[in-house]
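Beneath this line is the structure, given in structure tokens, with notes to follow.
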Amino acid sequence: MTRHLRLLLLPLAGLLAGCEIDNAAFMIEGKEHALIINREKPYFWSDQYELAVIVSRMPTCQRRFDMKPARLNTAVVTVFDGGEPNRYILRQGSSRWYAVNTTDCVFSVIDKPATEPPAIGAFRKKDEQFTFVPVKAGAAGAS
């Protein structure tokens with residue numbers, strides 16, 4: 001590579017250095033059955049994360065679904081019991097609701113439930129690491 005080309009590429013590398021890509025998993029039944037949140041900050045100047053949920057129940061299915069982007073300080077996804085086997089309700093921030101089903105890897109945007117279902121845990125930053133934090137026994141909710 002010529003010296004001039006290297007000098008031109010150096011600023012581009014600096015622009016990409018601020019990007020973040022994090023994944024966190026809620027393991028339902030081992031590593032073969034999980035909900036995974038992918039959180040990406042594509043550029044250092046981005047003020048929001050691009051979010052996606054990966055619904056996985058191997059070997060039957062594995063699919064990735066895009067969620068709405070979220071501000072850096074509100075990129076929390078809470079997982080609730082969906083009331084049926086393999087069905088989960090996700091709340092992104094405080095107002096976006098989704099339903100996922102790991103039996104057939106289905107994802108849909110839903111209205112806010114009339115009553116908040118029991119919380120299982122939340123995908124959030126803990127100790128400077130993006131992770132799934134389960135609800136403690138006896139706790140009323142997770143956020």
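Each chain in the structure tokens gets a letter, A, B, ..., in the order shown, and its residues are numbered from 1; ligands are numbered from 1 in order too.
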Within 12 Å of segment 111-117 of chain A using only C-alpha atoms, minus same-chain residues under 3 positions, as a list in words: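 My reading of the contact set: Thr78, Val79, Phe80, Asp81, Gly82, Gly83, Glu84, Arg87, Tyr88, Ile89, Leu90, Arg91, Gln92, Ser94, Ser95, Arg96, Trp97, Tyr98, Ala99, Ser108, Ile120, Gly121, Ala140, Gly141 and Ala142 of chain A.
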Those in segment 14-132 of chain A with helix (DSSP H, G or I) from DSSP, as a PyMOL selection string: chain A and resi 14-16+72-74
Every residue of segment 9-138 of chain A that DSSP places in strand (DSSP E), as a VMD selection string: chain A and resid 20 to 27 33 to 41 48 to 57 61 to 66 70 to 71 77 to 81 87 to 92 96 to 101 106 to 110 119 to 126 129 to 134
Contacts of Ala122 of chain A at 8 Å (only C-alpha atoms; same-chain gap of 6+ positions) as an NGL selection string: :A and (76-79 or 132-135 or 142-143)
Listing only residues of segment 76-128 of chain A within 10 Å of segment 21-24 of chain A, what is the closest atom pair and its distance in Å (to one decimal) for each, using only C-alpha atoms, sorted by chain and residue number ascending, as a Markdown table?
| residue | atom | partner | partner_atom | distance |
| --- | --- | --- | --- | --- |
| A:Phe123 | CA | A:Ala24 | CA | 6.9 |
| A:Arg124 | CA | A:Ala24 | CA | 8.7 |
| A:Lys125 | CA | A:Ala24 | CA | 9.8 |
Which of A:Glu50, A:Glu128, A:Glu20, A:Asp104 sits closest to Ala75 of chain A [using only C-alpha atoms]: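 Among A:Glu50, A:Glu128, A:Glu20, A:Asp104, it is A:Glu50 that comes nearest to Ala75 of chain A.
In terms of minimum interatomic distance to Ile28 of chain A, A:Pro85 ranks closest within A:Pro59, A:Leu72, A:Ala52, A:Pro85, counting only C-alpha atoms.
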Counting only C-alpha atoms, the option among A:Ala34, A:Asp127, A:Ala137, A:Asn73 closest to Thr102 of chain A: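 Going through A:Ala34, A:Asp127, A:Ala137, A:Asn73 one by one, the smallest distance to Thr102 of chain A is for A:Ala34.
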What's around Leu35 of chain A at 8 Å? Count only C-alpha atoms, leave out sequence neighbours fewer than 3 positions away in its own chain, and write the answer as a compact mmCIF listing (two decimals) with N, CA and C atoms, in the first residue's frame.
# COMPACT_ATOMS: atom_id res chain seq x y z
N ALA A 25 -27.63 -11.92 25.65
CA ALA A 25 -28.57 -13.02 25.44
C ALA A 25 -29.33 -13.37 26.72
N PHE A 26 -30.60 -13.65 26.54
CA PHE A 26 -31.45 -14.25 27.57
C PHE A 26 -31.56 -15.71 27.17
N MET A 27 -30.84 -16.57 27.87
CA MET A 27 -30.85 -18.00 27.57
C MET A 27 -32.09 -18.63 28.19
N ILE A 28 -32.96 -19.17 27.35
CA ILE A 28 -34.22 -19.74 27.81
C ILE A 28 -34.02 -21.20 28.20
N VAL A 53 -33.66 -7.69 17.61
CA VAL A 53 -33.81 -8.88 18.44
C VAL A 53 -33.61 -10.10 17.55
N ILE A 54 -32.84 -11.04 18.06
CA ILE A 54 -32.64 -12.31 17.36
C ILE A 54 -33.39 -13.36 18.16
N VAL A 55 -34.38 -13.95 17.52
CA VAL A 55 -35.21 -14.97 18.15
C VAL A 55 -34.64 -16.31 17.68
N SER A 56 -34.25 -17.14 18.64
CA SER A 56 -33.55 -18.36 18.26
C SER A 56 -34.07 -19.57 19.06
